[in-house]
2 protein chains.
Amino acid sequence: MPAASLVCFHSLISGAVEHRLMSRVKHWNQNCSLKISASLSDQSFQPAAKSLPITSKVETLLDSVKWDSKGLAVAIAQNVDTGAILMQGFANKEALAVTIASRKATFYSRSRSTLWTKGETSMNFINVHDIFLDCDHDSIIYLGKPVGPTCHTGAETCYYSSVYDLLGDQESIQDHLASTTLYSLEATISQRKDEIDSLKNGKSSWTKKLLLDNELLCSKVREEASELVETLLQNEDKTRTASEMADLIYHAMVLLKLKDVKMEEVLEVLRKRFSQSGIEEKSSRKRSSNPS
Amino acid sequence: MPAASLVCFHSLISGAVEHRLMSRVKHWNQNCSLKISASLSDQSFQPAAKSLPITSKVETLLDSVKWDSKGLAVAIAQNVDTGAILMQGFANKEALAVTIASRKATFYSRSRSTLWTKGETSMNFINVHDIFLDCDHDSIIYLGKPVGPTCHTGAETCYYSSVYDLLGDQESIQDHLASTTLYSLEATISQRKDEIDSLKNGKSSWTKKLLLDNELLCSKVREEASELVETLLQNEDKTRTASEMADLIYHAMVLLKLKDVKMEEVLEVLRKRFSQSGIEEKSSRKRSSNPS
């Protein structure tokens with residue numbers, strides 16, 4: 001490993017803020033064993049000896065952020081697999097520097113005037129896979145994987161109050177997480193399963209029929225896969241392909257529910273294959289070792 | 001429709017801010033034809049005559065937000081289908097009120113000290129499907145569907161600068177959008193297709209092999225569907241189910257690429273089935289009209 005990549009974290013940061021940063025980092029870095037190289041090398045970063053010292057690169061990057069008059073920028077933590085927005089806080093220069101080096105989502109608490117790493121007390125860290133700046137360099141995404149629930153209430157994310165629910169006419173408002181399409185569908189399928197399990201007299205539905213009949217469900221998954229394939233072989237319109245893929249995903253997700261598997265787990269499998277040797281190579285190996 | 005639901009938008013807002021709001025809303029509301037009922041009724045909101053007037057409900061909700069010392073809260077626009085964070089701005093009370101009523105993502109511009117609706121000049125609106133407040137009521141998600149690219153640069157989202165790319169050793173840094181797992185996979189498959197199309201000598205890969213051989217691809221999609229089904233029928237471990245579902249999604253996404261269909265289009269199909277009569281009923285109808 002080139003010497004430049006062995007720079008210790010504390011040398012990245014100018015002296016004035018070093019002490020505070022080091023006390024922050026000590027949770028996971030008792031002996032300054034956390035090296036910028038170690039935290040970066042498992043992703044897209046491959047430092048080379050000829051490059052500028054990482055220290056100055058980090059400093060240049062930190063200076064490129066348009067910090068507001070209080071030295072802050074908005075920092076949004078997002079689940080790398082599901083896309084769920086987990087929480088939003090603010091980062092100052094030190095918080096971003098710590099996050100870059102430690103890969104633990106770290107913010108600046110405006111109420112306590114101090115850095116805080118999400119999970120430092122609950123251990124529900126957000127392990128950061130990548131960090132993005134917006135076009136104006138004044139807004140940050142920490143794209144990462146949460147360990148446990150993110151919200152202090154125990155909810156998966158901090159966003160569970162729908163404005164339109166609050167404005168609605170329900171006598172009691174149930175929390176519902178801000179969910180994108182795939183996870184709204186997953187929640188609906190879960191609800192149908194709960195209705196079956198609790199013997200509630202909900203209205204009949206196709207999902208319930210599938211959940212109660214493995215043979216029917218399996219034949220539908222196979223059938224939808226065949227119909228998807230036919231759209232390619234028969235050169236059908238692309239809207240047919242989108243429609244058949246939607247059918248396949250829905251029926252396969254009902255099967256996932258019966259096996260108690262979440263889409264997030266499936267996406268984690270995909271991500272890990274990706275980032276190790278690539279799904280392509282893995283699929284290829286599987287095929288050659290087990291031709292079918 | 002109950003009388004209470006026919007409240008005109010301008011009556012929702014207290015007099016002091018009404019004029020500014022109405023000029024903002026006139027783009028899509030020349031004759032005050034935009035009614036809160038119309039904008040809410042297609043989602044989860046069903047006002048009834050016995051309910052409190054919507055006006056006071058909206059006012060109560062707006063007052064429940066913890067606006068900062070400048071009267072602002074962070075507002076994040078997120079794609080309802082893909083989960084992509086499109087942009088981040090700030091909302092004041094009026095901006096949130098306009099967004100609730102108009103379902104067009106609206107912000108407060110700190111530099112111009114005025115409201116602005118994303119898309120008011122470019123027509124690239126973000127059509128809001130739901131709005132969420134976080135646990136502290138000081139952060140807002142506009143969950144919506146963008147019309148065209150969100151970023152003023154023409155990029156799909158404003159987040160295309162990876163910190164780890166910027167800290168890396170590349171001589172030229174290519175923009176890459178902040179993407180969650182499914183869309184990173186989609187981008188990789190697209191890249192393989194581009195390499196084939198441009199006759200570039202990229203390294204060989206399983207994805208390329210699939211892209212070049214319809215028969216092989218179709219047999220793999222069918223095979224992976226069967227293997228997924230077997231994990232249920234043979235009561236295999238749930239990790240096998242997650243793995244086979246990952247295989248199925250990957251191979252099906254290669255097929256989508258050949259048909260030039262994006263996962264976002266598939267998710268849009270799922271969402272529309274959902275919100276109309278429910279995918280369950282639709283699937284059921286399809287089945288009874290076309291048994292197979």
# chains A, B, ... in the order shown; residues from 1 in each chain; ligands from 1
call {"tool": "select_by_dssp", "arguments": {"residues": "segment 116-279 of chain B", "states": "helix (DSSP H, G or I)", "output": "ChimeraX atom specification"}}
result
/B:163-166,181-197,206-211,214-233,238-258,263-276,279
call {"tool": "closest_atom_pairs", "arguments": {"of": "segment 104-214 of chain A", "to": "segment 60-76 of chain A", "cutoff": "6 Å", "atoms": "only C-alpha atoms", "output": "CSV"}}
result
residue,atom,partner,partner_atom,distance
A:His137,CA,A:Val65,CA,5.0
A:Asp138,CA,A:Lys66,CA,4.9
A:Ser139,CA,A:Val74,CA,5.0
A:Ile140,CA,A:Ala75,CA,4.6
A:Ile141,CA,A:Ile76,CA,4.8
A:Tyr142,CA,A:Ile76,CA,6.0
call {"tool": "write_last_selection", "arguments": {"atoms": "N, CA and C atoms", "output": "compact mmCIF listing (two decimals), in the first residue's frame"}}
result
# COMPACT_ATOMS: atom_id res chain seq x y z
N HIS A 137 -23.11 22.63 -3.79
CA HIS A 137 -22.15 22.29 -2.72
C HIS A 137 -22.59 22.85 -1.36
N ASP A 138 -23.91 22.89 -1.14
CA ASP A 138 -24.36 23.30 0.19
C ASP A 138 -25.34 22.32 0.82
N SER A 139 -25.39 21.12 0.28
CA SER A 139 -26.27 20.09 0.82
C SER A 139 -25.59 18.74 0.62
N ILE A 140 -25.69 17.89 1.62
CA ILE A 140 -24.90 16.66 1.66
C ILE A 140 -25.81 15.45 1.85
N ILE A 141 -25.54 14.38 1.11
CA ILE A 141 -26.20 13.09 1.40
C ILE A 141 -25.17 12.14 1.98
N TYR A 142 -25.49 11.56 3.14
CA TYR A 142 -24.73 10.43 3.66
C TYR A 142 -25.49 9.17 3.22
call {"tool": "closest_residue", "arguments": {"among": "B:Glu227, B:Thr181, B:Val98, B:Pro149", "to": "Ala242 of chain B", "atoms": "only C-alpha atoms"}}
result
B:Glu227
call {"tool": "select_by_dssp", "arguments": {"residues": "segment 28-223 of chain A", "states": "strand (DSSP E or B)", "output": "PyMOL selection string"}}
result
chain A and resi 35+73-79+85-91+104+106-109+114-117+126-134+139-146+159-162
call {"tool": "write_last_selection", "arguments": {"atoms": "N, CA and C atoms", "output": "compact mmCIF listing (two decimals), in the first residue's frame"}}
result
# COMPACT_ATOMS: atom_id res chain seq x y z
N LYS A 35 -7.39 4.43 9.73
CA LYS A 35 -6.65 5.15 8.71
C LYS A 35 -7.58 5.51 7.57
N ALA A 73 -24.05 22.99 6.90
CA ALA A 73 -24.78 22.60 5.68
C ALA A 73 -25.74 21.49 6.08
N VAL A 74 -26.82 21.37 5.32
CA VAL A 74 -27.79 20.30 5.60
C VAL A 74 -27.15 18.96 5.25
N ALA A 75 -27.34 17.96 6.13
CA ALA A 75 -26.85 16.61 5.87
C ALA A 75 -28.01 15.63 6.01
N ILE A 76 -28.25 14.88 4.95
CA ILE A 76 -29.38 13.95 4.90
C ILE A 76 -28.83 12.53 4.88
N ALA A 77 -29.29 11.68 5.80
CA ALA A 77 -28.85 10.28 5.79
C ALA A 77 -29.88 9.44 5.05
N GLN A 78 -29.40 8.67 4.07
CA GLN A 78 -30.30 7.87 3.22
C GLN A 78 -29.85 6.42 3.21
N ASN A 79 -30.79 5.49 3.30
CA ASN A 79 -30.49 4.06 3.26
C ASN A 79 -30.04 3.67 1.85
N ILE A 85 -35.19 7.92 3.33
CA ILE A 85 -34.51 9.02 4.03
C ILE A 85 -34.63 8.73 5.52
N LEU A 86 -33.50 8.52 6.17
CA LEU A 86 -33.48 8.06 7.55
C LEU A 86 -33.66 9.22 8.53
N MET A 87 -32.93 10.28 8.31
CA MET A 87 -32.97 11.44 9.19
C MET A 87 -32.30 12.60 8.47
N GLN A 88 -32.45 13.79 9.03
CA GLN A 88 -31.76 14.96 8.48
C GLN A 88 -31.20 15.75 9.64
N GLY A 89 -29.96 16.13 9.51
CA GLY A 89 -29.33 16.98 10.51
C GLY A 89 -28.49 18.02 9.80
N PHE A 90 -27.55 18.57 10.52
CA PHE A 90 -26.64 19.54 9.93
C PHE A 90 -25.20 19.07 10.15
N ALA A 91 -24.33 19.39 9.22
CA ALA A 91 -22.91 19.08 9.39
C ALA A 91 -22.13 20.37 9.34
N LYS A 104 -18.90 6.77 9.61
CA LYS A 104 -20.07 6.76 10.49
C LYS A 104 -20.73 8.14 10.35
N THR A 106 -22.00 11.50 10.88
CA THR A 106 -21.73 12.39 12.00
C THR A 106 -22.27 13.78 11.67
N PHE A 107 -22.87 14.39 12.67
CA PHE A 107 -23.56 15.66 12.49
C PHE A 107 -23.06 16.68 13.51
N TYR A 108 -23.53 17.92 13.36
CA TYR A 108 -23.29 18.95 14.38
C TYR A 108 -24.62 19.26 15.03
N SER A 109 -24.68 19.08 16.33
CA SER A 109 -25.92 19.38 17.05
C SER A 109 -25.99 20.86 17.34
N THR A 114 -22.28 20.77 19.61
CA THR A 114 -21.22 19.76 19.61
C THR A 114 -21.43 18.78 18.45
N LEU A 115 -20.35 18.11 18.09
CA LEU A 115 -20.49 17.04 17.11
C LEU A 115 -21.24 15.87 17.75
N TRP A 116 -21.96 15.13 16.94
CA TRP A 116 -22.49 13.86 17.44
C TRP A 116 -22.57 12.87 16.29
N THR A 117 -22.12 11.68 16.63
CA THR A 117 -22.18 10.61 15.66
C THR A 117 -23.44 9.82 15.93
N ILE A 126 -25.03 4.71 11.49
CA ILE A 126 -25.31 4.64 10.05
C ILE A 126 -23.96 4.52 9.36
N ASN A 127 -23.69 3.34 8.81
CA ASN A 127 -22.40 3.09 8.14
C ASN A 127 -22.44 3.67 6.73
N VAL A 128 -21.58 4.62 6.50
CA VAL A 128 -21.66 5.42 5.27
C VAL A 128 -20.89 4.76 4.13
N HIS A 129 -21.59 4.54 3.01
CA HIS A 129 -20.96 3.93 1.84
C HIS A 129 -20.47 4.97 0.85
N ASP A 130 -21.17 6.08 0.78
CA ASP A 130 -20.72 7.16 -0.10
C ASP A 130 -21.31 8.47 0.44
N ILE A 131 -20.73 9.55 0.01
CA ILE A 131 -21.19 10.88 0.43
C ILE A 131 -21.33 11.71 -0.84
N PHE A 132 -22.44 12.41 -0.96
CA PHE A 132 -22.65 13.24 -2.15
C PHE A 132 -22.88 14.69 -1.76
N LEU A 133 -22.35 15.58 -2.59
CA LEU A 133 -22.65 17.01 -2.47
C LEU A 133 -23.59 17.39 -3.60
N ASP A 134 -24.44 18.36 -3.37
CA ASP A 134 -25.35 18.78 -4.44
C ASP A 134 -24.65 19.79 -5.37
N SER A 139 -25.39 21.12 0.28
CA SER A 139 -26.27 20.09 0.82
C SER A 139 -25.59 18.74 0.62
N ILE A 140 -25.69 17.89 1.62
CA ILE A 140 -24.90 16.66 1.66
C ILE A 140 -25.81 15.45 1.85
N ILE A 141 -25.54 14.38 1.11
CA ILE A 141 -26.20 13.09 1.40
C ILE A 141 -25.17 12.14 1.98
N TYR A 142 -25.49 11.56 3.14
CA TYR A 142 -24.73 10.43 3.66
C TYR A 142 -25.49 9.17 3.22
N LEU A 143 -24.97 8.48 2.22
CA LEU A 143 -25.64 7.29 1.69
C LEU A 143 -25.09 6.08 2.44
N GLY A 144 -25.91 5.47 3.28
CA GLY A 144 -25.34 4.44 4.14
C GLY A 144 -26.34 3.39 4.58
N LYS A 145 -25.84 2.51 5.39
CA LYS A 145 -26.64 1.39 5.88
C LYS A 145 -26.84 1.56 7.38
N PRO A 146 -28.10 1.69 7.80
CA PRO A 146 -28.33 1.88 9.24
C PRO A 146 -28.20 0.57 10.00
N TYR A 159 -39.21 9.92 9.65
CA TYR A 159 -40.34 10.49 8.89
C TYR A 159 -41.51 9.51 8.89
N TYR A 160 -42.43 9.71 9.81
CA TYR A 160 -43.59 8.81 9.89
C TYR A 160 -44.89 9.56 10.09
N SER A 161 -44.86 10.89 9.90
CA SER A 161 -46.09 11.67 10.04
C SER A 161 -46.47 12.25 8.69
N SER A 162 -47.53 11.70 8.11
CA SER A 162 -47.99 12.19 6.81
C SER A 162 -48.88 13.39 7.00
call {"tool": "atom_distance", "arguments": {"atom1": "atom CA of Ile196 of chain B", "atom2": "atom CA of Lys257 of chain B"}}
result
12.6 Å
call {"tool": "closest_residue", "arguments": {"among": "B:Ala105, B:Leu255, B:Leu177, B:Leu211", "to": "Glu230 of chain A", "atoms": "only C-alpha atoms"}}
result
B:Leu255
call {"tool": "residues_around", "arguments": {"residues": "Met263 of chain A", "least_positions_apart": "5", "cutoff": "9 Å", "atoms": "only C-alpha atoms", "output": "PyMOL selection string"}}
result
(chain A and resi 81-82+182-183+186+253+256+268) or (chain B and resi 242+245)
call {"tool": "closest_residue", "arguments": {"among": "A:Gln234, A:Lys57, A:Lys118, A:Ala187", "to": "chain B", "atoms": "only C-alpha atoms"}}
result
A:Lys57
call {"tool": "residues_around", "arguments": {"residues": "Ile189 of chain A", "least_positions_apart": "4", "cutoff": "9 Å", "atoms": "only C-alpha atoms", "output": "list of chain:residue names"}}
result
A:Ser184, A:Leu185, A:Lys193, A:Asp194, A:Thr207, A:Lys208, A:Met253, A:Val254, A:Lys257
call {"tool": "write_last_selection", "arguments": {"atoms": "all heavy atoms", "output": "PDB file, in the first residue's frame"}}
result
ATOM      1  N   SER A 184     -44.156   0.615  -0.136  1.00  0.00           N
ATOM      2  CA  SER A 184     -45.597   0.729   0.099  1.00  0.00           C
ATOM      3  C   SER A 184     -46.271  -0.581  -0.281  1.00  0.00           C
ATOM      4  O   SER A 184     -47.151  -1.080   0.431  1.00  0.00           O
ATOM      5  CB  SER A 184     -46.204   1.856  -0.737  1.00  0.00           C
ATOM      6  OG  SER A 184     -45.708   3.096  -0.335  1.00  0.00           O
ATOM      7  N   LEU A 185     -45.848  -1.150  -1.404  1.00  0.00           N
ATOM      8  CA  LEU A 185     -46.385  -2.442  -1.830  1.00  0.00           C
ATOM      9  C   LEU A 185     -46.055  -3.517  -0.793  1.00  0.00           C
ATOM     10  O   LEU A 185     -46.913  -4.315  -0.402  1.00  0.00           O
ATOM     11  CB  LEU A 185     -45.800  -2.822  -3.201  1.00  0.00           C
ATOM     12  CG  LEU A 185     -46.152  -4.209  -3.737  1.00  0.00           C
ATOM     13  CD1 LEU A 185     -47.664  -4.399  -3.851  1.00  0.00           C
ATOM     14  CD2 LEU A 185     -45.501  -4.439  -5.113  1.00  0.00           C
ATOM     15  N   LYS A 193     -51.148 -10.210   5.122  1.00  0.00           N
ATOM     16  CA  LYS A 193     -50.695 -11.381   5.879  1.00  0.00           C
ATOM     17  C   LYS A 193     -51.136 -11.242   7.342  1.00  0.00           C
ATOM     18  O   LYS A 193     -51.603 -12.222   7.945  1.00  0.00           O
ATOM     19  CB  LYS A 193     -49.163 -11.475   5.779  1.00  0.00           C
ATOM     20  CG  LYS A 193     -48.530 -12.653   6.504  1.00  0.00           C
ATOM     21  CD  LYS A 193     -48.736 -13.952   5.759  1.00  0.00           C
ATOM     22  CE  LYS A 193     -47.835 -15.075   6.269  1.00  0.00           C
ATOM     23  NZ  LYS A 193     -48.048 -15.423   7.669  1.00  0.00           N
ATOM     24  N   ASP A 194     -51.013 -10.040   7.881  1.00  0.00           N
ATOM     25  CA  ASP A 194     -51.435  -9.815   9.268  1.00  0.00           C
ATOM     26  C   ASP A 194     -52.929 -10.076   9.434  1.00  0.00           C
ATOM     27  O   ASP A 194     -53.366 -10.628  10.444  1.00  0.00           O
ATOM     28  CB  ASP A 194     -51.120  -8.370   9.709  1.00  0.00           C
ATOM     29  CG  ASP A 194     -49.629  -8.136   9.841  1.00  0.00           C
ATOM     30  OD1 ASP A 194     -48.868  -9.129   9.866  1.00  0.00           O
ATOM     31  OD2 ASP A 194     -49.211  -6.958   9.906  1.00  0.00           O
ATOM     32  N   THR A 207     -54.131 -10.890  -3.079  1.00  0.00           N
ATOM     33  CA  THR A 207     -52.921 -11.137  -2.282  1.00  0.00           C
ATOM     34  C   THR A 207     -53.193 -12.212  -1.227  1.00  0.00           C
ATOM     35  O   THR A 207     -52.391 -13.115  -1.030  1.00  0.00           O
ATOM     36  CB  THR A 207     -52.463  -9.836  -1.592  1.00  0.00           C
ATOM     37  OG1 THR A 207     -52.237  -8.839  -2.587  1.00  0.00           O
ATOM     38  CG2 THR A 207     -51.168 -10.053  -0.816  1.00  0.00           C
ATOM     39  N   LYS A 208     -54.328 -12.119  -0.559  1.00  0.00           N
ATOM     40  CA  LYS A 208     -54.656 -13.116   0.471  1.00  0.00           C
ATOM     41  C   LYS A 208     -54.797 -14.503  -0.148  1.00  0.00           C
ATOM     42  O   LYS A 208     -54.348 -15.498   0.420  1.00  0.00           O
ATOM     43  CB  LYS A 208     -55.959 -12.731   1.169  1.00  0.00           C
ATOM     44  CG  LYS A 208     -55.804 -11.589   2.152  1.00  0.00           C
ATOM     45  CD  LYS A 208     -57.104 -11.387   2.914  1.00  0.00           C
ATOM     46  CE  LYS A 208     -57.070 -10.110   3.720  1.00  0.00           C
ATOM     47  NZ  LYS A 208     -58.371  -9.784   4.289  1.00  0.00           N
ATOM     48  N   MET A 253     -42.847 -10.834  -4.573  1.00  0.00           N
ATOM     49  CA  MET A 253     -42.826 -10.205  -3.245  1.00  0.00           C
ATOM     50  C   MET A 253     -43.829 -10.867  -2.295  1.00  0.00           C
ATOM     51  O   MET A 253     -43.617 -10.891  -1.077  1.00  0.00           O
ATOM     52  CB  MET A 253     -43.075  -8.698  -3.354  1.00  0.00           C
ATOM     53  CG  MET A 253     -41.836  -7.954  -3.833  1.00  0.00           C
ATOM     54  SD  MET A 253     -42.124  -6.174  -4.048  1.00  0.00           S
ATOM     55  CE  MET A 253     -42.243  -5.623  -2.344  1.00  0.00           C
ATOM     56  N   VAL A 254     -44.908 -11.390  -2.837  1.00  0.00           N
ATOM     57  CA  VAL A 254     -45.838 -12.161  -1.986  1.00  0.00           C
ATOM     58  C   VAL A 254     -45.113 -13.413  -1.477  1.00  0.00           C
ATOM     59  O   VAL A 254     -45.209 -13.773  -0.300  1.00  0.00           O
ATOM     60  CB  VAL A 254     -47.121 -12.530  -2.761  1.00  0.00           C
ATOM     61  CG1 VAL A 254     -48.033 -13.404  -1.894  1.00  0.00           C
ATOM     62  CG2 VAL A 254     -47.865 -11.276  -3.203  1.00  0.00           C
ATOM     63  N   LYS A 257     -42.801 -12.572   1.298  1.00  0.00           N
ATOM     64  CA  LYS A 257     -43.520 -12.391   2.570  1.00  0.00           C
ATOM     65  C   LYS A 257     -43.722 -13.742   3.260  1.00  0.00           C
ATOM     66  O   LYS A 257     -43.539 -13.850   4.481  1.00  0.00           O
ATOM     67  CB  LYS A 257     -44.865 -11.704   2.310  1.00  0.00           C
ATOM     68  CG  LYS A 257     -45.657 -11.412   3.568  1.00  0.00           C
ATOM     69  CD  LYS A 257     -44.961 -10.401   4.457  1.00  0.00           C
ATOM     70  CE  LYS A 257     -45.286 -10.565   5.914  1.00  0.00           C
ATOM     71  NZ  LYS A 257     -44.439  -9.713   6.768  1.00  0.00           N
TER      72      LYS A 257
END
call {"tool": "atom_distance", "arguments": {"atom1": "atom CA of Gln170 of chain B", "atom2": "atom CA of Cys158 of chain B"}}
result
21.8 Å
call {"tool": "residues_around", "arguments": {"residues": "Leu232 of chain B", "least_positions_apart": "2", "cutoff": "8 Å", "atoms": "only C-alpha atoms", "output": "ChimeraX atom specification"}}
result
/A:214,255,258-259 /B:228-230,234-236,241
call {"tool": "decode", "arguments": {"residues": "segment 164-183 of chain B", "atoms": "N, CA, C and O atoms", "output": "compact mmCIF listing (two decimals), in the first residue's frame"}}
result
# COMPACT_ATOMS: atom_id res chain seq x y z
N TYR B 164 -16.04 10.67 -2.35
CA TYR B 164 -14.93 9.72 -2.49
C TYR B 164 -14.36 9.73 -3.91
O TYR B 164 -13.18 9.48 -4.10
N ASP B 165 -15.20 10.06 -4.89
CA ASP B 165 -14.66 10.30 -6.24
C ASP B 165 -13.74 11.52 -6.21
O ASP B 165 -12.64 11.50 -6.76
N LEU B 166 -14.22 12.58 -5.59
CA LEU B 166 -13.44 13.83 -5.56
C LEU B 166 -12.11 13.64 -4.83
O LEU B 166 -11.12 14.29 -5.15
N LEU B 167 -12.10 12.75 -3.84
CA LEU B 167 -10.86 12.49 -3.10
C LEU B 167 -9.99 11.44 -3.77
O LEU B 167 -8.90 11.14 -3.31
N GLY B 168 -10.51 10.87 -4.84
CA GLY B 168 -9.80 9.78 -5.50
C GLY B 168 -8.68 10.27 -6.39
O GLY B 168 -8.31 11.45 -6.37
N ASP B 169 -8.19 9.36 -7.19
CA ASP B 169 -6.97 9.64 -7.94
C ASP B 169 -7.22 9.79 -9.43
O ASP B 169 -6.30 9.87 -10.22
N GLN B 170 -8.53 9.81 -9.80
CA GLN B 170 -8.83 9.91 -11.22
C GLN B 170 -8.35 11.26 -11.77
O GLN B 170 -8.48 12.28 -11.10
N GLU B 171 -7.85 11.23 -12.99
CA GLU B 171 -7.44 12.50 -13.61
C GLU B 171 -8.66 13.33 -13.98
O GLU B 171 -8.68 14.54 -13.82
N SER B 172 -9.68 12.67 -14.51
CA SER B 172 -10.93 13.40 -14.76
C SER B 172 -12.04 12.69 -14.00
O SER B 172 -12.15 11.48 -14.04
N ILE B 173 -12.81 13.49 -13.31
CA ILE B 173 -13.87 12.92 -12.48
C ILE B 173 -15.18 13.02 -13.23
O ILE B 173 -15.60 14.09 -13.64
N GLN B 174 -15.82 11.86 -13.44
CA GLN B 174 -17.12 11.87 -14.10
C GLN B 174 -18.20 11.99 -13.04
O GLN B 174 -18.12 11.39 -11.97
N ASP B 175 -19.22 12.79 -13.37
CA ASP B 175 -20.36 12.87 -12.47
C ASP B 175 -20.96 11.48 -12.33
O ASP B 175 -21.05 10.74 -13.31
N HIS B 176 -21.33 11.14 -11.13
CA HIS B 176 -22.21 9.98 -11.01
C HIS B 176 -23.25 10.24 -9.94
O HIS B 176 -22.95 10.68 -8.85
N LEU B 177 -24.50 10.01 -10.35
CA LEU B 177 -25.63 10.32 -9.48
C LEU B 177 -25.58 9.49 -8.22
O LEU B 177 -25.16 8.33 -8.25
N ALA B 178 -26.00 10.10 -7.13
CA ALA B 178 -26.18 9.34 -5.88
C ALA B 178 -27.26 8.29 -6.15
O ALA B 178 -28.41 8.64 -6.39
N SER B 179 -26.86 7.03 -6.17
CA SER B 179 -27.82 5.98 -6.53
C SER B 179 -27.86 4.91 -5.46
O SER B 179 -26.81 4.49 -4.97
N THR B 180 -29.06 4.45 -5.16
CA THR B 180 -29.20 3.32 -4.26
C THR B 180 -28.99 2.03 -5.07
O THR B 180 -28.82 2.06 -6.29
N THR B 181 -29.00 0.91 -4.34
CA THR B 181 -28.54 -0.37 -4.91
C THR B 181 -29.16 -0.71 -6.27
O THR B 181 -28.45 -1.03 -7.22
N LEU B 182 -30.48 -0.65 -6.35
CA LEU B 182 -31.16 -1.08 -7.56
C LEU B 182 -30.73 -0.24 -8.77
O LEU B 182 -30.56 -0.76 -9.88
N TYR B 183 -30.52 1.04 -8.54
CA TYR B 183 -30.21 1.95 -9.64
C TYR B 183 -28.72 1.95 -9.97
O TYR B 183 -28.32 2.26 -11.10
